[in-house]
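Source file my_file-v9.tsv; content: TSV, N, CA and C atoms.
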```tsv
chain	number	residue	atom	x	y	z
F	1	PRO	N	-2.73	5.40	23.15
F	1	PRO	CA	-3.74	4.99	22.18
F	1	PRO	C	-4.30	3.59	22.49
F	2	VAL	N	-5.52	3.38	22.16
F	2	VAL	CA	-6.20	2.11	22.41
F	2	VAL	C	-5.43	0.95	21.76
F	3	GLU	N	-4.88	1.17	20.60
F	3	GLU	CA	-4.17	0.10	19.89
F	3	GLU	C	-2.92	-0.38	20.62
F	4	PHE	N	-2.42	0.40	21.56
F	4	PHE	CA	-1.19	0.04	22.27
F	4	PHE	C	-1.44	-0.55	23.65
F	5	GLN	N	-2.66	-0.64	24.09
F	5	GLN	CA	-2.97	-1.07	25.45
F	5	GLN	C	-2.44	-2.46	25.79
F	6	ASP	N	-2.46	-3.38	24.85
F	6	ASP	CA	-2.04	-4.75	25.13
F	6	ASP	C	-0.61	-5.05	24.65
F	7	ILE	N	0.12	-4.04	24.25
F	7	ILE	CA	1.48	-4.25	23.75
F	7	ILE	C	2.48	-4.02	24.88
F	8	SER	N	3.25	-5.05	25.18
F	8	SER	CA	4.27	-4.94	26.22
F	8	SER	C	5.68	-4.95	25.64
F	9	LYS	N	5.78	-5.05	24.33
F	9	LYS	CA	7.07	-5.10	23.66
F	9	LYS	C	7.52	-3.69	23.28
F	10	LYS	N	8.77	-3.56	22.89
F	10	LYS	CA	9.27	-2.30	22.35
F	10	LYS	C	8.53	-2.03	21.04
F	11	ILE	N	8.16	-0.78	20.82
F	11	ILE	CA	7.34	-0.43	19.66
F	11	ILE	C	8.18	0.30	18.62
F	12	VAL	N	8.09	-0.20	17.38
F	12	VAL	CA	8.73	0.41	16.22
F	12	VAL	C	7.60	0.94	15.34
F	13	ILE	N	7.66	2.22	14.97
F	13	ILE	CA	6.55	2.83	14.23
F	13	ILE	C	7.02	3.35	12.88
F	14	TYR	N	6.17	3.13	11.89
F	14	TYR	CA	6.28	3.79	10.59
F	14	TYR	C	5.03	4.64	10.44
F	15	ILE	N	5.21	5.90	10.07
F	15	ILE	CA	4.08	6.79	9.78
F	15	ILE	C	4.24	7.31	8.37
F	16	GLY	N	3.24	7.09	7.55
F	16	GLY	CA	3.28	7.56	6.17
F	16	GLY	C	2.34	6.75	5.31
F	17	ASN	N	2.38	7.06	4.04
F	17	ASN	CA	1.54	6.36	3.07
F	17	ASN	C	2.04	4.93	2.92
F	18	ILE	N	1.17	3.99	3.08
F	18	ILE	CA	1.54	2.58	2.99
F	18	ILE	C	1.26	2.12	1.57
F	19	LYS	N	2.33	2.08	0.78
F	19	LYS	CA	2.20	1.69	-0.62
F	19	LYS	C	3.46	0.97	-1.07
F	20	ASP	N	3.55	0.71	-2.36
F	20	ASP	CA	4.60	-0.17	-2.88
F	20	ASP	C	6.02	0.36	-2.75
F	21	ARG	N	6.22	1.57	-2.33
F	21	ARG	CA	7.59	2.07	-2.15
F	21	ARG	C	8.24	1.49	-0.88
F	22	ILE	N	7.44	0.90	-0.02
F	22	ILE	CA	7.96	0.28	1.20
F	22	ILE	C	8.49	-1.11	0.88
F	23	ASP	N	9.62	-1.44	1.44
F	23	ASP	CA	10.20	-2.77	1.26
F	23	ASP	C	9.53	-3.72	2.28
F	24	PHE	N	8.39	-4.27	1.90
F	24	PHE	CA	7.62	-5.13	2.81
F	24	PHE	C	8.33	-6.43	3.13
F	25	ARG	N	9.14	-6.94	2.21
F	25	ARG	CA	9.91	-8.16	2.49
F	25	ARG	C	10.95	-7.88	3.59
F	26	LEU	N	11.58	-6.73	3.54
F	26	LEU	CA	12.53	-6.35	4.58
F	26	LEU	C	11.80	-6.18	5.93
F	27	CYS	N	10.64	-5.55	5.91
F	27	CYS	CA	9.87	-5.37	7.14
F	27	CYS	C	9.47	-6.72	7.73
F	28	LYS	N	9.11	-7.65	6.87
F	28	LYS	CA	8.75	-8.99	7.34
F	28	LYS	C	9.97	-9.68	7.97
F	29	TYR	N	11.10	-9.56	7.30
F	29	TYR	CA	12.34	-10.14	7.84
F	29	TYR	C	12.64	-9.57	9.23
F	30	LEU	N	12.54	-8.25	9.36
F	30	LEU	CA	12.80	-7.61	10.65
F	30	LEU	C	11.84	-8.11	11.73
F	31	ALA	N	10.56	-8.16	11.39
F	31	ALA	CA	9.55	-8.59	12.37
F	31	ALA	C	9.77	-10.05	12.78
F	32	GLU	N	10.15	-10.90	11.83
F	32	GLU	CA	10.40	-12.31	12.14
F	32	GLU	C	11.64	-12.49	13.01
F	33	HIS	N	12.64	-11.64	12.81
F	33	HIS	CA	13.90	-11.78	13.52
F	33	HIS	C	14.00	-10.90	14.77
F	34	GLN	N	12.96	-10.13	15.03
F	34	GLN	CA	12.92	-9.31	16.24
F	34	GLN	C	11.59	-9.55	16.96
F	35	PRO	N	11.37	-10.75	17.47
F	35	PRO	CA	10.09	-11.06	18.10
F	35	PRO	C	9.83	-10.28	19.39
F	36	ASP	N	10.88	-9.65	19.92
F	36	ASP	CA	10.72	-8.84	21.13
F	36	ASP	C	10.25	-7.41	20.81
F	37	MET	N	10.03	-7.12	19.53
F	37	MET	CA	9.57	-5.80	19.11
F	37	MET	C	8.20	-5.92	18.44
F	38	PHE	N	7.44	-4.83	18.50
F	38	PHE	CA	6.12	-4.77	17.88
F	38	PHE	C	6.16	-3.67	16.83
F	39	PHE	N	5.81	-4.00	15.60
F	39	PHE	CA	5.90	-3.09	14.47
F	39	PHE	C	4.51	-2.54	14.14
F	40	VAL	N	4.38	-1.21	14.18
F	40	VAL	CA	3.10	-0.55	13.93
F	40	VAL	C	3.24	0.34	12.70
F	41	PHE	N	2.31	0.17	11.77
F	41	PHE	CA	2.28	0.97	10.55
F	41	PHE	C	1.05	1.87	10.60
F	42	ILE	N	1.29	3.18	10.55
F	42	ILE	CA	0.21	4.16	10.63
F	42	ILE	C	0.17	4.94	9.33
F	43	GLY	N	-0.98	4.96	8.69
F	43	GLY	CA	-1.14	5.73	7.46
F	43	GLY	C	-2.14	5.08	6.54
F	44	PRO	N	-2.54	5.82	5.51
F	44	PRO	CA	-3.49	5.26	4.55
F	44	PRO	C	-2.88	4.08	3.82
F	45	ILE	N	-3.64	3.02	3.66
F	45	ILE	CA	-3.15	1.79	3.03
F	45	ILE	C	-3.58	1.78	1.56
F	46	ASN	N	-2.59	1.82	0.67
F	46	ASN	CA	-2.85	1.89	-0.76
F	46	ASN	C	-2.21	0.74	-1.53
F	47	THR	N	-2.08	-0.40	-0.90
F	47	THR	CA	-1.52	-1.58	-1.54
F	47	THR	C	-1.97	-2.81	-0.76
F	48	VAL	N	-1.79	-3.96	-1.37
F	48	VAL	CA	-2.04	-5.22	-0.65
F	48	VAL	C	-0.74	-6.04	-0.55
F	49	GLU	N	0.36	-5.44	-0.95
F	49	GLU	CA	1.63	-6.16	-0.95
F	49	GLU	C	2.01	-6.63	0.45
F	50	HIS	N	1.69	-5.86	1.49
F	50	HIS	CA	2.01	-6.26	2.86
F	50	HIS	C	1.27	-7.55	3.23
F	51	ILE	N	0.11	-7.76	2.64
F	51	ILE	CA	-0.65	-9.00	2.86
F	51	ILE	C	-0.05	-10.12	2.02
F	52	ASP	N	0.27	-9.81	0.77
F	52	ASP	CA	0.82	-10.81	-0.15
F	52	ASP	C	2.13	-11.41	0.35
F	53	VAL	N	2.99	-10.62	0.99
F	53	VAL	CA	4.28	-11.15	1.47
F	53	VAL	C	4.17	-11.77	2.85
F	54	GLY	N	3.00	-11.65	3.48
F	54	GLY	CA	2.79	-12.27	4.79
F	54	GLY	C	3.12	-11.39	5.97
F	55	LEU	N	3.41	-10.12	5.74
F	55	LEU	CA	3.76	-9.23	6.85
F	55	LEU	C	2.57	-8.97	7.76
F	56	ALA	N	1.41	-8.74	7.19
F	56	ALA	CA	0.22	-8.39	7.98
F	56	ALA	C	-0.25	-9.52	8.88
F	57	GLN	N	0.16	-10.75	8.59
F	57	GLN	CA	-0.28	-11.90	9.37
F	57	GLN	C	0.59	-12.18	10.59
F	58	LEU	N	1.70	-11.49	10.72
F	58	LEU	CA	2.60	-11.74	11.85
F	58	LEU	C	2.00	-11.19	13.14
F	59	SER	N	2.22	-11.88	14.23
F	59	SER	CA	1.59	-11.51	15.51
F	59	SER	C	2.18	-10.24	16.12
F	60	ASN	N	3.36	-9.83	15.68
F	60	ASN	CA	3.98	-8.62	16.21
F	60	ASN	C	3.96	-7.46	15.22
F	61	VAL	N	2.95	-7.47	14.34
F	61	VAL	CA	2.79	-6.42	13.34
F	61	VAL	C	1.34	-5.98	13.32
F	62	LYS	N	1.13	-4.66	13.25
F	62	LYS	CA	-0.23	-4.14	13.17
F	62	LYS	C	-0.28	-2.96	12.21
F	63	PHE	N	-1.24	-2.97	11.32
F	63	PHE	CA	-1.54	-1.86	10.42
F	63	PHE	C	-2.81	-1.21	10.95
F	64	ILE	N	-2.71	0.05	11.36
F	64	ILE	CA	-3.88	0.68	11.99
F	64	ILE	C	-4.53	1.76	11.13
F	65	GLY	N	-4.06	1.95	9.92
F	65	GLY	CA	-4.70	2.92	9.03
F	65	GLY	C	-4.31	4.35	9.34
F	66	ALA	N	-4.99	5.26	8.67
F	66	ALA	CA	-4.67	6.69	8.80
F	66	ALA	C	-5.15	7.25	10.13
F	67	ARG	N	-4.41	8.20	10.63
F	67	ARG	CA	-4.77	8.95	11.83
F	67	ARG	C	-4.55	10.43	11.53
F	68	SER	N	-5.24	11.28	12.25
F	68	SER	CA	-5.08	12.72	12.03
F	68	SER	C	-3.73	13.19	12.56
F	69	MET	N	-3.28	14.32	12.05
F	69	MET	CA	-2.00	14.88	12.50
F	69	MET	C	-2.03	15.15	14.00
F	70	ASP	N	-3.17	15.51	14.54
F	70	ASP	CA	-3.30	15.79	15.97
F	70	ASP	C	-3.13	14.53	16.82
F	71	GLU	N	-3.43	13.37	16.26
F	71	GLU	CA	-3.32	12.11	17.00
F	71	GLU	C	-1.90	11.53	17.01
F	72	LEU	N	-1.10	11.88	16.02
F	72	LEU	CA	0.21	11.24	15.86
F	72	LEU	C	1.15	11.39	17.06
F	73	PRO	N	1.21	12.55	17.72
F	73	PRO	CA	2.11	12.62	18.89
F	73	PRO	C	1.80	11.59	19.97
F	74	SER	N	0.53	11.26	20.16
F	74	SER	CA	0.19	10.27	21.18
F	74	SER	C	0.72	8.88	20.82
F	75	TYR	N	0.84	8.59	19.54
F	75	TYR	CA	1.43	7.32	19.10
F	75	TYR	C	2.96	7.38	19.24
F	76	LEU	N	3.53	8.47	18.78
F	76	LEU	CA	4.98	8.59	18.78
F	76	LEU	C	5.58	8.59	20.18
F	77	GLN	N	4.86	9.08	21.16
F	77	GLN	CA	5.42	9.11	22.51
F	77	GLN	C	5.64	7.70	23.08
F	78	HIS	N	5.02	6.69	22.49
F	78	HIS	CA	5.21	5.31	22.93
F	78	HIS	C	6.23	4.56	22.09
F	79	ALA	N	6.74	5.18	21.05
F	79	ALA	CA	7.67	4.51	20.15
F	79	ALA	C	9.07	4.44	20.77
F	80	HIS	N	9.69	3.29	20.62
F	80	HIS	CA	11.09	3.15	21.00
F	80	HIS	C	11.98	3.59	19.86
F	81	CYS	N	11.46	3.46	18.64
F	81	CYS	CA	12.15	4.01	17.47
F	81	CYS	C	11.14	4.09	16.33
F	82	THR	N	11.53	4.82	15.30
F	82	THR	CA	10.71	4.91	14.10
F	82	THR	C	11.54	4.35	12.95
F	83	MET	N	10.88	4.11	11.82
F	83	MET	CA	11.62	3.56	10.69
F	83	MET	C	11.12	4.16	9.39
F	84	ILE	N	12.00	4.16	8.41
F	84	ILE	CA	11.68	4.56	7.04
F	84	ILE	C	12.11	3.40	6.16
F	85	PRO	N	11.20	2.43	5.96
F	85	PRO	CA	11.61	1.23	5.20
F	85	PRO	C	11.55	1.44	3.71
```
Write the structure described by the file as structure tokens, please.
Amino acid sequence: PVEFQDISKKIVIYIGNIKDRIDFRLCKYLAEHQPDMFFVFIGPINTVEHIDVGLAQLSNVKFIGARSMDELPSYLQHAHCTMIP
């Protein structure tokens, strides 16, 4: 995927609805303490909490919005792991 072209770090992916059920403070902690990893969030964004806690501003975090089911395998094949935060 185009979004991964400049990423040389290990990729951690979350796929799903991005809303308040996600522990964004935990995700921020992980991203801050794992600078050798790149965290990608794929899915419709239905909250601003990730911005409010400062997660979206980190250089090793990217929110890319919703993708079709047909596109998801191309993202997952580059993942080193996935997460359910």
Requested in this report: Apply DSSP to the structure's backbone, then extract all residues of chain F labelled strand (DSSP E or B) and return them as number ranges by chain.
Outcome: F: 10-15, 18, 37-42, 45, 61-65, 81-82
Residues as selected, N, CA and C atoms, written as a PDB file, in the frame of the given file, can you do that?
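Below is the file that was written, again.pdb:
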```pdb
ATOM      1  N   LYS F  10       8.770  -3.560  22.890  1.00  0.00           N
ATOM      2  CA  LYS F  10       9.270  -2.300  22.350  1.00  0.00           C
ATOM      3  C   LYS F  10       8.530  -2.030  21.040  1.00  0.00           C
ATOM      4  N   ILE F  11       8.160  -0.780  20.820  1.00  0.00           N
ATOM      5  CA  ILE F  11       7.340  -0.430  19.660  1.00  0.00           C
ATOM      6  C   ILE F  11       8.180   0.300  18.620  1.00  0.00           C
ATOM      7  N   VAL F  12       8.090  -0.200  17.380  1.00  0.00           N
ATOM      8  CA  VAL F  12       8.730   0.410  16.220  1.00  0.00           C
ATOM      9  C   VAL F  12       7.600   0.940  15.340  1.00  0.00           C
ATOM     10  N   ILE F  13       7.660   2.220  14.970  1.00  0.00           N
ATOM     11  CA  ILE F  13       6.550   2.830  14.230  1.00  0.00           C
ATOM     12  C   ILE F  13       7.020   3.350  12.880  1.00  0.00           C
ATOM     13  N   TYR F  14       6.170   3.130  11.890  1.00  0.00           N
ATOM     14  CA  TYR F  14       6.280   3.790  10.590  1.00  0.00           C
ATOM     15  C   TYR F  14       5.030   4.640  10.440  1.00  0.00           C
ATOM     16  N   ILE F  15       5.210   5.900  10.070  1.00  0.00           N
ATOM     17  CA  ILE F  15       4.080   6.790   9.780  1.00  0.00           C
ATOM     18  C   ILE F  15       4.240   7.310   8.370  1.00  0.00           C
ATOM     19  N   ILE F  18       1.170   3.990   3.080  1.00  0.00           N
ATOM     20  CA  ILE F  18       1.540   2.580   2.990  1.00  0.00           C
ATOM     21  C   ILE F  18       1.260   2.120   1.570  1.00  0.00           C
ATOM     22  N   MET F  37      10.030  -7.120  19.530  1.00  0.00           N
ATOM     23  CA  MET F  37       9.570  -5.800  19.110  1.00  0.00           C
ATOM     24  C   MET F  37       8.200  -5.920  18.440  1.00  0.00           C
ATOM     25  N   PHE F  38       7.440  -4.830  18.500  1.00  0.00           N
ATOM     26  CA  PHE F  38       6.120  -4.770  17.880  1.00  0.00           C
ATOM     27  C   PHE F  38       6.160  -3.670  16.830  1.00  0.00           C
ATOM     28  N   PHE F  39       5.810  -4.000  15.600  1.00  0.00           N
ATOM     29  CA  PHE F  39       5.900  -3.090  14.470  1.00  0.00           C
ATOM     30  C   PHE F  39       4.510  -2.540  14.140  1.00  0.00           C
ATOM     31  N   VAL F  40       4.380  -1.210  14.180  1.00  0.00           N
ATOM     32  CA  VAL F  40       3.100  -0.550  13.930  1.00  0.00           C
ATOM     33  C   VAL F  40       3.240   0.340  12.700  1.00  0.00           C
ATOM     34  N   PHE F  41       2.310   0.170  11.770  1.00  0.00           N
ATOM     35  CA  PHE F  41       2.280   0.970  10.550  1.00  0.00           C
ATOM     36  C   PHE F  41       1.050   1.870  10.600  1.00  0.00           C
ATOM     37  N   ILE F  42       1.290   3.180  10.550  1.00  0.00           N
ATOM     38  CA  ILE F  42       0.210   4.160  10.630  1.00  0.00           C
ATOM     39  C   ILE F  42       0.170   4.940   9.330  1.00  0.00           C
ATOM     40  N   ILE F  45      -3.640   3.020   3.660  1.00  0.00           N
ATOM     41  CA  ILE F  45      -3.150   1.790   3.030  1.00  0.00           C
ATOM     42  C   ILE F  45      -3.580   1.780   1.560  1.00  0.00           C
ATOM     43  N   VAL F  61       2.950  -7.470  14.340  1.00  0.00           N
ATOM     44  CA  VAL F  61       2.790  -6.420  13.340  1.00  0.00           C
ATOM     45  C   VAL F  61       1.340  -5.980  13.320  1.00  0.00           C
ATOM     46  N   LYS F  62       1.130  -4.660  13.250  1.00  0.00           N
ATOM     47  CA  LYS F  62      -0.230  -4.140  13.170  1.00  0.00           C
ATOM     48  C   LYS F  62      -0.280  -2.960  12.210  1.00  0.00           C
ATOM     49  N   PHE F  63      -1.240  -2.970  11.320  1.00  0.00           N
ATOM     50  CA  PHE F  63      -1.540  -1.860  10.420  1.00  0.00           C
ATOM     51  C   PHE F  63      -2.810  -1.210  10.950  1.00  0.00           C
ATOM     52  N   ILE F  64      -2.710   0.050  11.360  1.00  0.00           N
ATOM     53  CA  ILE F  64      -3.880   0.680  11.990  1.00  0.00           C
ATOM     54  C   ILE F  64      -4.530   1.760  11.130  1.00  0.00           C
ATOM     55  N   GLY F  65      -4.060   1.950   9.920  1.00  0.00           N
ATOM     56  CA  GLY F  65      -4.700   2.920   9.030  1.00  0.00           C
ATOM     57  C   GLY F  65      -4.310   4.350   9.340  1.00  0.00           C
ATOM     58  N   CYS F  81      11.460   3.460  18.640  1.00  0.00           N
ATOM     59  CA  CYS F  81      12.150   4.010  17.470  1.00  0.00           C
ATOM     60  C   CYS F  81      11.140   4.090  16.330  1.00  0.00           C
ATOM     61  N   THR F  82      11.530   4.820  15.300  1.00  0.00           N
ATOM     62  CA  THR F  82      10.710   4.910  14.100  1.00  0.00           C
ATOM     63  C   THR F  82      11.540   4.350  12.950  1.00  0.00           C
TER      64      THR F  82
END
```
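Residue nearest Leu58 (chain F), chosen from F:Leu72, F:Val2, F:Ile22, F:Met37 and counting only C-alpha atoms: F:Met37.
In this model, the gap between CA of Val61 (chain F) and atom C of Ile7 (chain F) comes to 11.8 Å.
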Query - Who sits within 6.5 Å of Ile15 (chain F), all atoms listed in the file, same chain under 4 positions skipped, as a PyMOL selection string - result: chain F and resi 40-43+83
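With all atoms listed in the file as the atoms that count, the residue of F:Pro73, F:Cys81, F:Ser59, F:Ile51 with the shortest distance to Val12 (chain F) is F:Cys81.
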